[in-house]
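Novice: For reference, the file model_21.json (JSON, C-alpha atoms) is included below:
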```json
[["chain", "number", "residue", "atom", "x", "y", "z"],
["V", 1, "MET", "CA", 39.83, 50.65, -67.00],
["V", 2, "ARG", "CA", 37.09, 53.16, -67.81],
["V", 3, "ILE", "CA", 33.33, 52.63, -67.67],
["V", 4, "HIS", "CA", 30.85, 54.82, -69.52],
["V", 5, "ALA", "CA", 27.08, 55.22, -69.20],
["V", 6, "ILE", "CA", 25.39, 55.57, -72.59],
["V", 7, "GLN", "CA", 21.79, 56.81, -72.52],
["V", 8, "THR", "CA", 19.90, 55.50, -75.54],
["V", 9, "GLY", "CA", 16.68, 57.47, -75.18],
["V", 10, "SER", "CA", 14.03, 57.42, -72.47],
["V", 11, "VAL", "CA", 11.15, 55.25, -71.32],
["V", 12, "ALA", "CA", 8.13, 55.87, -69.10],
["V", 13, "ILE", "CA", 6.28, 53.04, -67.40],
["V", 14, "THR", "CA", 3.35, 52.86, -65.03],
["V", 15, "GLN", "CA", 4.11, 53.41, -61.37],
["V", 16, "ASN", "CA", 2.93, 49.87, -60.61],
["V", 17, "TRP", "CA", 5.44, 48.57, -63.15],
["V", 18, "ARG", "CA", 8.37, 50.24, -61.38],
["V", 19, "ARG", "CA", 7.17, 49.09, -57.95],
["V", 20, "GLY", "CA", 4.85, 46.09, -58.10],
["V", 21, "LYS", "CA", 1.52, 46.18, -56.29],
["V", 22, "GLY", "CA", -0.10, 42.95, -55.16],
["V", 23, "HIS", "CA", 0.98, 39.41, -55.93],
["V", 24, "GLY", "CA", 0.76, 36.91, -58.75],
["V", 25, "THR", "CA", -1.67, 37.68, -61.57],
["V", 26, "LEU", "CA", -3.06, 40.66, -59.62],
["V", 27, "ARG", "CA", 0.36, 42.29, -59.62],
["V", 28, "ARG", "CA", 0.57, 42.15, -63.42],
["V", 29, "LEU", "CA", -3.04, 43.32, -63.76],
["V", 30, "ASN", "CA", -2.33, 46.31, -61.50],
["V", 31, "THR", "CA", 0.60, 47.18, -63.77],
["V", 32, "LEU", "CA", -1.72, 47.39, -66.78],
["V", 33, "LEU", "CA", -4.59, 49.21, -65.07],
["V", 34, "ASP", "CA", -2.45, 51.88, -63.42],
["V", 35, "ARG", "CA", -2.80, 55.26, -65.14],
["V", 36, "ARG", "CA", -0.04, 56.93, -63.15],
["V", 37, "TRP", "CA", 3.15, 57.24, -65.15],
["V", 38, "THR", "CA", 6.75, 57.59, -64.07],
["V", 39, "GLU", "CA", 8.80, 60.49, -65.30],
["V", 40, "PRO", "CA", 10.83, 59.65, -68.44],
["V", 41, "LEU", "CA", 13.54, 57.25, -67.27],
["V", 42, "PRO", "CA", 16.92, 56.74, -68.93],
["V", 43, "ILE", "CA", 17.62, 53.66, -71.04],
["V", 44, "TYR", "CA", 21.26, 52.99, -70.18],
["V", 45, "ALA", "CA", 23.79, 50.76, -71.86],
["V", 46, "TRP", "CA", 27.37, 50.50, -70.59],
["V", 47, "VAL", "CA", 30.82, 50.52, -72.16],
["V", 48, "ILE", "CA", 33.82, 49.02, -70.38],
["V", 49, "GLU", "CA", 37.22, 49.96, -71.79],
["V", 50, "HIS", "CA", 39.19, 46.94, -70.63],
["V", 51, "PRO", "CA", 42.81, 45.98, -71.46],
["V", 52, "GLU", "CA", 41.52, 42.75, -73.01],
["V", 53, "GLY", "CA", 39.10, 44.63, -75.27],
["V", 54, "ILE", "CA", 36.02, 46.81, -75.19],
["V", 55, "ILE", "CA", 32.98, 45.25, -73.52],
["V", 56, "VAL", "CA", 29.49, 46.62, -74.13],
["V", 57, "VAL", "CA", 26.71, 45.68, -71.72],
["V", 58, "ASP", "CA", 23.26, 45.83, -73.36],
["V", 59, "THR", "CA", 22.48, 47.75, -76.53],
["V", 60, "GLY", "CA", 19.70, 50.06, -75.43],
["V", 61, "GLU", "CA", 16.74, 50.77, -77.68],
["V", 62, "THR", "CA", 16.27, 51.47, -81.38],
["V", 63, "SER", "CA", 14.75, 54.69, -82.66],
["V", 64, "ARG", "CA", 12.23, 52.58, -84.57],
["V", 65, "ALA", "CA", 10.52, 52.01, -81.21],
["V", 66, "SER", "CA", 9.26, 55.62, -81.43],
["V", 67, "GLN", "CA", 7.52, 54.93, -84.75],
["V", 68, "PRO", "CA", 3.85, 53.91, -84.95],
["V", 69, "GLY", "CA", 3.36, 50.21, -85.56],
["V", 70, "TYR", "CA", 6.75, 49.07, -84.25],
["V", 71, "PHE", "CA", 5.21, 47.40, -81.20],
["V", 72, "PRO", "CA", 2.42, 44.85, -81.68],
["V", 73, "GLY", "CA", -0.99, 46.40, -81.10],
["V", 74, "TRP", "CA", -2.28, 43.24, -79.44],
["V", 75, "HIS", "CA", 0.31, 43.31, -76.66],
["V", 76, "LEU", "CA", -1.21, 44.88, -73.54],
["V", 77, "TYR", "CA", 2.10, 46.00, -71.99],
["V", 78, "PHE", "CA", 3.08, 47.99, -75.07],
["V", 79, "ARG", "CA", -0.43, 49.44, -75.46],
["V", 80, "PHE", "CA", -1.09, 50.47, -71.88],
["V", 81, "ALA", "CA", 2.04, 50.44, -69.73],
["V", 82, "VAL", "CA", 5.12, 51.69, -71.61],
["V", 83, "LYS", "CA", 6.11, 54.72, -73.71],
["V", 84, "GLU", "CA", 9.52, 55.29, -75.32],
["V", 85, "TRP", "CA", 11.33, 58.23, -76.91],
["V", 86, "VAL", "CA", 14.44, 57.42, -78.95],
["V", 87, "ARG", "CA", 15.96, 59.57, -81.71],
["V", 88, "PRO", "CA", 18.30, 58.05, -84.34],
["V", 89, "GLU", "CA", 21.26, 59.87, -82.79],
["V", 90, "ASP", "CA", 20.39, 58.33, -79.39],
["V", 91, "GLU", "CA", 21.08, 54.81, -80.63],
["V", 92, "ILE", "CA", 24.19, 53.15, -79.27],
["V", 93, "GLY", "CA", 25.92, 52.77, -82.64],
["V", 94, "PRO", "CA", 26.13, 56.50, -83.42],
["V", 95, "GLN", "CA", 27.05, 57.26, -79.81],
["V", 96, "LEU", "CA", 29.93, 54.76, -79.83],
["V", 97, "ARG", "CA", 31.22, 56.20, -83.09],
["V", 98, "ARG", "CA", 31.21, 59.67, -81.56],
["V", 99, "MET", "CA", 33.43, 58.21, -78.83],
["V", 100, "GLY", "CA", 35.80, 56.86, -81.48],
["V", 101, "ILE", "CA", 34.60, 53.26, -81.11],
["V", 102, "ASP", "CA", 33.43, 51.24, -84.10],
["V", 103, "PRO", "CA", 30.79, 48.86, -82.67],
["V", 104, "GLN", "CA", 31.59, 46.05, -85.10],
["V", 105, "ARG", "CA", 35.36, 46.40, -85.37],
["V", 106, "ASP", "CA", 36.38, 47.54, -81.88],
["V", 107, "VAL", "CA", 33.99, 45.75, -79.48],
["V", 108, "ARG", "CA", 35.36, 42.46, -78.14],
["V", 109, "TRP", "CA", 32.25, 41.27, -76.28],
["V", 110, "LEU", "CA", 28.61, 42.30, -76.11],
["V", 111, "VAL", "CA", 26.96, 41.10, -72.91],
["V", 112, "MET", "CA", 23.16, 41.07, -72.65],
["V", 113, "THR", "CA", 21.66, 41.26, -69.17],
["V", 114, "HIS", "CA", 18.40, 40.13, -70.78],
["V", 115, "LEU", "CA", 16.61, 40.43, -74.10],
["V", 116, "HIS", "CA", 13.76, 42.87, -73.54],
["V", 117, "THR", "CA", 13.56, 45.41, -76.35],
["V", 118, "ASP", "CA", 14.89, 48.38, -74.36],
["V", 119, "HIS", "CA", 18.07, 46.36, -73.77],
["V", 120, "ALA", "CA", 18.26, 44.53, -77.10],
["V", 121, "GLY", "CA", 16.83, 47.08, -79.55],
["V", 122, "GLY", "CA", 20.31, 48.05, -80.77],
["V", 123, "LEU", "CA", 21.55, 44.54, -81.62],
["V", 124, "ALA", "CA", 21.85, 45.40, -85.33],
["V", 125, "HIS", "CA", 24.79, 47.70, -84.54],
["V", 126, "PHE", "CA", 26.89, 44.73, -83.38],
["V", 127, "ASP", "CA", 26.74, 42.36, -86.33],
["V", 128, "GLY", "CA", 29.60, 39.87, -85.99],
["V", 129, "VAL", "CA", 30.45, 40.75, -82.39],
["V", 130, "GLU", "CA", 30.60, 37.86, -79.90],
["V", 131, "THR", "CA", 27.37, 38.27, -77.95],
["V", 132, "LEU", "CA", 26.86, 36.60, -74.57],
["V", 133, "VAL", "CA", 23.35, 35.62, -73.41],
["V", 134, "SER", "CA", 22.30, 33.19, -70.71],
["V", 135, "ARG", "CA", 20.89, 29.96, -72.14],
["V", 136, "VAL", "CA", 17.82, 30.29, -69.90],
["V", 137, "GLU", "CA", 17.12, 33.82, -71.18],
["V", 138, "TYR", "CA", 17.49, 32.89, -74.83],
["V", 139, "ALA", "CA", 15.15, 29.91, -74.49],
["V", 140, "ARG", "CA", 12.56, 32.05, -72.73],
["V", 141, "ALA", "CA", 12.74, 34.84, -75.30],
["V", 142, "ARG", "CA", 12.34, 32.77, -78.47],
["V", 143, "GLY", "CA", 9.21, 32.01, -80.47],
["V", 144, "LEU", "CA", 5.57, 32.82, -79.80],
["V", 145, "ARG", "CA", 5.94, 32.33, -76.05],
["V", 146, "GLY", "CA", 8.69, 34.94, -76.03],
["V", 147, "ARG", "CA", 6.54, 37.46, -77.90],
["V", 148, "ILE", "CA", 3.67, 36.88, -75.47],
["V", 149, "GLU", "CA", 6.11, 37.53, -72.63],
["V", 150, "GLY", "CA", 7.07, 40.85, -74.21],
["V", 151, "TYR", "CA", 10.25, 39.90, -76.09],
["V", 152, "MET", "CA", 10.44, 41.53, -79.52],
["V", 153, "ASN", "CA", 12.19, 38.52, -81.05],
["V", 154, "ASN", "CA", 10.70, 39.28, -84.48],
["V", 155, "ARG", "CA", 12.86, 42.44, -84.48],
["V", 156, "TRP", "CA", 16.15, 40.65, -83.79],
["V", 157, "PRO", "CA", 18.65, 40.81, -86.68],
["V", 158, "ALA", "CA", 18.66, 37.70, -88.87],
["V", 159, "SER", "CA", 22.35, 37.26, -87.99],
["V", 160, "PHE", "CA", 21.71, 37.20, -84.23],
["V", 161, "ALA", "CA", 23.42, 34.02, -82.99],
["V", 162, "PRO", "CA", 24.60, 34.58, -79.41],
["V", 163, "ARG", "CA", 26.94, 32.39, -77.41],
["V", 164, "LEU", "CA", 24.68, 30.78, -74.84],
["V", 165, "LEU", "CA", 26.02, 30.74, -71.30],
["V", 166, "ASP", "CA", 25.71, 28.14, -68.56],
["V", 167, "PHE", "CA", 26.95, 29.37, -65.20],
["V", 168, "GLU", "CA", 29.59, 27.42, -63.33],
["V", 169, "ASN", "CA", 29.64, 26.46, -59.66],
["V", 170, "HIS", "CA", 32.32, 28.92, -58.60],
["V", 171, "PRO", "CA", 31.32, 31.21, -55.72],
["V", 172, "TYR", "CA", 31.82, 34.96, -55.80],
["V", 173, "GLY", "CA", 30.70, 36.38, -52.49],
["V", 174, "PRO", "CA", 27.09, 35.21, -51.96],
["V", 175, "PHE", "CA", 26.73, 34.21, -55.61],
["V", 176, "THR", "CA", 27.33, 30.48, -55.86],
["V", 177, "GLN", "CA", 27.48, 30.47, -59.66],
["V", 178, "THR", "CA", 29.58, 32.77, -61.82],
["V", 179, "LEU", "CA", 31.23, 33.04, -65.20],
["V", 180, "PRO", "CA", 34.28, 35.20, -66.00],
["V", 181, "VAL", "CA", 34.32, 37.32, -69.14],
["V", 182, "THR", "CA", 37.97, 38.37, -68.95],
["V", 183, "LYS", "CA", 41.04, 36.22, -68.35],
["V", 184, "ALA", "CA", 41.88, 38.55, -65.46],
["V", 185, "CYS", "CA", 38.54, 37.60, -63.87],
["V", 186, "ASP", "CA", 37.87, 41.25, -63.12],
["V", 187, "VAL", "CA", 34.68, 41.24, -65.20],
["V", 188, "MET", "CA", 32.33, 38.56, -63.92],
["V", 189, "LEU", "CA", 28.81, 37.49, -64.82],
["V", 190, "VAL", "CA", 26.38, 36.37, -62.12],
["V", 191, "PRO", "CA", 22.81, 35.07, -62.47],
["V", 192, "THR", "CA", 20.25, 37.55, -61.14],
["V", 193, "PRO", "CA", 16.87, 36.03, -62.05],
["V", 194, "GLY", "CA", 13.57, 37.66, -61.20],
["V", 195, "HIS", "CA", 12.74, 40.35, -63.72],
["V", 196, "THR", "CA", 13.25, 37.56, -66.24],
["V", 197, "PRO", "CA", 14.22, 33.95, -65.45],
["V", 198, "GLY", "CA", 17.54, 34.21, -67.30],
["V", 199, "HIS", "CA", 18.54, 37.71, -66.25],
["V", 200, "LEU", "CA", 22.24, 38.20, -65.49],
["V", 201, "SER", "CA", 24.33, 41.06, -64.13],
["V", 202, "VAL", "CA", 27.90, 42.16, -64.76],
["V", 203, "ILE", "CA", 30.32, 42.87, -61.92],
["V", 204, "VAL", "CA", 33.44, 44.88, -62.73],
["V", 205, "GLN", "CA", 36.23, 44.87, -60.15],
["V", 206, "ASP", "CA", 37.57, 48.43, -60.38],
["V", 207, "GLY", "CA", 40.21, 49.00, -57.72],
["V", 208, "GLU", "CA", 38.57, 48.95, -54.30],
["V", 209, "HIS", "CA", 35.08, 49.10, -55.79],
["V", 210, "ALA", "CA", 32.79, 46.65, -57.49],
["V", 211, "ILE", "CA", 30.73, 48.21, -60.28],
["V", 212, "PHE", "CA", 27.47, 46.27, -60.44],
["V", 213, "LEU", "CA", 25.84, 46.67, -63.87],
["V", 214, "ALA", "CA", 22.44, 45.48, -62.77],
["V", 215, "GLY", "CA", 20.13, 45.59, -65.79],
["V", 216, "ASP", "CA", 16.59, 45.43, -64.42],
["V", 217, "THR", "CA", 17.23, 43.67, -61.12],
["V", 218, "SER", "CA", 15.40, 46.72, -59.76],
["V", 219, "TYR", "CA", 14.45, 50.07, -61.23],
["V", 220, "THR", "CA", 16.24, 52.16, -58.59],
["V", 221, "GLU", "CA", 18.75, 51.68, -55.81],
["V", 222, "GLU", "CA", 16.03, 52.51, -53.29],
["V", 223, "LEU", "CA", 13.81, 49.69, -54.57],
["V", 224, "LEU", "CA", 16.72, 47.26, -54.22],
["V", 225, "ILE", "CA", 17.25, 48.31, -50.61],
["V", 226, "GLU", "CA", 13.53, 47.90, -49.95],
["V", 227, "ARG", "CA", 13.55, 44.53, -51.74],
["V", 228, "ALA", "CA", 10.56, 45.68, -53.74],
["V", 229, "PRO", "CA", 9.90, 43.58, -56.87],
["V", 230, "ASP", "CA", 8.67, 45.22, -60.03],
["V", 231, "GLY", "CA", 5.22, 44.74, -61.54],
["V", 232, "VAL", "CA", 6.19, 42.47, -64.44],
["V", 233, "SER", "CA", 8.77, 40.07, -62.98],
["V", 234, "ALA", "CA", 8.22, 36.46, -63.90],
["V", 235, "ASN", "CA", 8.86, 35.35, -60.32],
["V", 236, "GLU", "CA", 8.37, 37.78, -57.45],
["V", 237, "ALA", "CA", 10.05, 35.60, -54.81],
["V", 238, "GLN", "CA", 13.01, 35.00, -57.12],
["V", 239, "GLU", "CA", 13.48, 38.73, -57.64],
["V", 240, "ILE", "CA", 13.46, 39.38, -53.89],
["V", 241, "ASP", "CA", 16.02, 36.58, -53.43],
["V", 242, "THR", "CA", 18.22, 38.25, -56.04],
["V", 243, "HIS", "CA", 17.93, 41.50, -54.09],
["V", 244, "ARG", "CA", 19.16, 39.68, -50.98],
["V", 245, "HIS", "CA", 22.17, 38.34, -52.86],
["V", 246, "ILE", "CA", 23.09, 41.78, -54.23],
["V", 247, "LEU", "CA", 22.79, 43.40, -50.80],
["V", 248, "ALA", "CA", 24.88, 40.63, -49.25],
["V", 249, "PHE", "CA", 27.52, 41.17, -51.95],
["V", 250, "ALA", "CA", 27.53, 44.90, -51.20],
["V", 251, "ARG", "CA", 28.27, 44.14, -47.54],
["V", 252, "SER", "CA", 31.41, 42.26, -48.58],
["V", 253, "ILE", "CA", 32.87, 44.93, -50.90],
["V", 254, "PRO", "CA", 32.02, 48.60, -51.62],
["V", 255, "THR", "CA", 29.57, 48.28, -54.49],
["V", 256, "VAL", "CA", 28.35, 50.89, -56.96],
["V", 257, "TYR", "CA", 24.90, 49.64, -57.97],
["V", 258, "LEU", "CA", 23.77, 50.71, -61.44],
["V", 259, "PRO", "CA", 20.31, 49.68, -62.65],
["V", 260, "SER", "CA", 19.60, 50.53, -66.27],
["V", 261, "HIS", "CA", 16.66, 52.87, -65.63],
["V", 262, "ASP", "CA", 17.69, 54.65, -62.43],
["V", 263, "PRO", "CA", 18.08, 58.38, -63.16],
["V", 264, "ALA", "CA", 20.88, 58.51, -60.56],
["V", 265, "SER", "CA", 22.97, 55.66, -62.03],
["V", 266, "ALA", "CA", 25.28, 57.79, -64.21],
["V", 267, "GLN", "CA", 26.06, 60.15, -61.34],
["V", 268, "ARG", "CA", 26.69, 57.24, -58.95],
["V", 269, "LEU", "CA", 29.12, 55.80, -61.50],
["V", 270, "SER", "CA", 31.04, 59.06, -61.93],
["V", 271, "GLN", "CA", 31.20, 59.61, -58.16],
["V", 272, "ARG", "CA", 31.76, 55.93, -57.32],
["V", 273, "ARG", "CA", 28.96, 56.28, -54.78],
["V", 274, "VAL", "CA", 28.41, 52.93, -53.14],
["V", 275, "LEU", "CA", 25.42, 51.21, -51.61],
["V", 276, "PRO", "CA", 24.96, 51.96, -47.89],
["V", 277, "ALA", "CA", 27.06, 49.64, -45.75],
["V", 278, "ASN", "CA", 23.99, 48.92, -43.65],
["V", 279, "ALA", "CA", 21.18, 48.60, -46.18],
["V", 280, "GLU", "CA", 18.74, 47.44, -43.52],
["V", 281, "ALA", "CA", 19.17, 50.75, -41.67],
["V", 282, "ALA", "CA", 18.78, 52.64, -44.94],
["V", 283, "ARG", "CA", 15.59, 50.74, -45.70],
["V", 284, "GLN", "CA", 14.18, 51.54, -42.26],
["V", 285, "THR", "CA", 15.02, 55.23, -42.67],
["V", 286, "SER", "CA", 13.39, 55.26, -46.11],
["V", 287, "ASN", "CA", 10.24, 53.68, -44.72],
["V", 288, "GLU", "CA", 10.11, 56.19, -41.87],
["V", 289, "VAL", "CA", 10.43, 59.13, -44.28],
["V", 290, "ARG", "CA", 7.64, 57.71, -46.47],
["V", 291, "THR", "CA", 5.23, 57.44, -43.54],
["V", 292, "MET", "CA", 5.88, 60.95, -42.14]]
```
Starting from the file, give its structure as structure tokens.

Specialist:
Amino acid sequence: MRIHAIQTGSVAITQNWRRGKGHGTLRRLNTLLDRRWTEPLPIYAWVIEHPEGIIVVDTGETSRASQPGYFPGWHLYFRFAVKEWVRPEDEIGPQLRRMGIDPQRDVRWLVMTHLHTDHAGGLAHFDGVETLVSRVEYARARGLRGRIEGYMNNRWPASFAPRLLDFENHPYGPFTQTLPVTKACDVMLVPTPGHTPGHLSVIVQDGEHAIFLAGDTSYTEELLIERAPDGVSANEAQEIDTHRHILAFARSIPTVYLPSHDPASAQRLSQRRVLPANAEAARQTSNEVRTM
């Protein structure tokens, strides 16, 4: 089994988006008012070459996002807190074809961690592919409420009709609910709410390692270890609880943690570099370094 990181352009967000500041409404307001930007961050999607078929996790962004007028001018997040750079050749469809993979003919499953535009912008490349989305996420993302929440549902392909998932009460480490993708049960879905209520993550059992395709559960490995919620999560406490579950899982099996916008994710994947066995000690060391 091989796993590939596919970078579909770059995104910059405010510093208070990557690491939330304050609580409740103030946290979201601080995200919008912050004029400090991150460096351009990767927009990763993932390809799993599995014996049961190719699995793609997220689609990355569309190059149309770089064109004026693509994002609604009334939406404050898109006006003040996010910038994207995506060329046509960066889109996931052309990149898969360069790998010898036809996205419509060769992909068995498309799994969506969530439906924000930088993860769902490339849906049009997968027309006819069985697409897996949590029922909670799909309900949240639809209609006017979804657009207010930042989902670009008016840009979804007309043919978009995902299979909606309800998790089952089968434990996998600290996760009490799971859902297998493969018959071998070596690719599992787990609910990881916080960034969005219906966010899910994909865990690939690869030999002695678990590869944790984390979406936006955090923006970096360091922020996971620090249990630091982002600035736009729908539920701050829920995101921190998800962090606890991921860290507990990493204590039970060597885990390579791969958030979609962490510049170090691709290198961690290639090196199979796992989360620290004692994340609490790592968090304490990180805090000490920050205060020196």

Novice: Would you please work out which residue, of V:Glu236, V:Ile3, V:Pro68, V:Val202, is nearest to Gln271 in chain V when using all atoms listed in the file?

Specialist: V:Ile3

Novice: With distances taken over all atoms listed in the file, which residue among V:Arg28, V:His125, V:His209, V:Arg64 lies nearest Pro254 in chain V?

Specialist: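 Using all atoms listed in the file, Pro254 in chain V sits closest to V:His209.
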
Novice: From (11.5, 42.8, -63.8), in the file's coordinates, out to 8 Å: which residues are reached, counting only C-alpha atoms? Answer as a JSON list (two decimals) with C-alpha atoms, in the frame of the given file.

Specialist:
```
[["chain", "number", "residue", "atom", "x", "y", "z"],
["V", 194, "GLY", "CA", 13.57, 37.66, -61.20],
["V", 195, "HIS", "CA", 12.74, 40.35, -63.72],
["V", 196, "THR", "CA", 13.25, 37.56, -66.24],
["V", 216, "ASP", "CA", 16.59, 45.43, -64.42],
["V", 217, "THR", "CA", 17.23, 43.67, -61.12],
["V", 218, "SER", "CA", 15.40, 46.72, -59.76],
["V", 229, "PRO", "CA", 9.90, 43.58, -56.87],
["V", 230, "ASP", "CA", 8.67, 45.22, -60.03],
["V", 231, "GLY", "CA", 5.22, 44.74, -61.54],
["V", 232, "VAL", "CA", 6.19, 42.47, -64.44],
["V", 233, "SER", "CA", 8.77, 40.07, -62.98],
["V", 234, "ALA", "CA", 8.22, 36.46, -63.90],
["V", 239, "GLU", "CA", 13.48, 38.73, -57.64]]
```

Novice: Using all atoms listed in the file, which of the listed residues (V:Ile203, V:Thr220, V:His23, V:His50) sits closest to Ser265 in chain V?

Specialist: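 Closest to Ser265 in chain V of all the choices is V:Thr220.
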
Novice: If I take CA of Asp186 in chain V and CA of Tyr172 in chain V, how far is one from the other in Å, to one decimal?

Specialist: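 Taking CA of Asp186 in chain V as the start and CA of Tyr172 in chain V as the end point, the length is 11.4 Å.
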
Novice: Counting only C-alpha atoms, give me one row per residue of range 38-70 of chain V with an atom at most 12 Å from an atom of range 97-101 of chain V, showing the shortest contact pair and its distance in Å to one decimal, sorted by chain then residue number, as JSON lines.

Specialist:
```
{"residue": "V:Val47", "atom": "CA", "partner": "V:Ile101", "partner_atom": "CA", "distance": 10.1}
{"residue": "V:Ile48", "atom": "CA", "partner": "V:Ile101", "partner_atom": "CA", "distance": 11.6}
{"residue": "V:Glu49", "atom": "CA", "partner": "V:Ile101", "partner_atom": "CA", "distance": 10.2}
{"residue": "V:Gly53", "atom": "CA", "partner": "V:Ile101", "partner_atom": "CA", "distance": 11.4}
{"residue": "V:Ile54", "atom": "CA", "partner": "V:Ile101", "partner_atom": "CA", "distance": 8.9}
{"residue": "V:Ile55", "atom": "CA", "partner": "V:Ile101", "partner_atom": "CA", "distance": 11.2}
{"residue": "V:Val56", "atom": "CA", "partner": "V:Ile101", "partner_atom": "CA", "distance": 10.9}
```
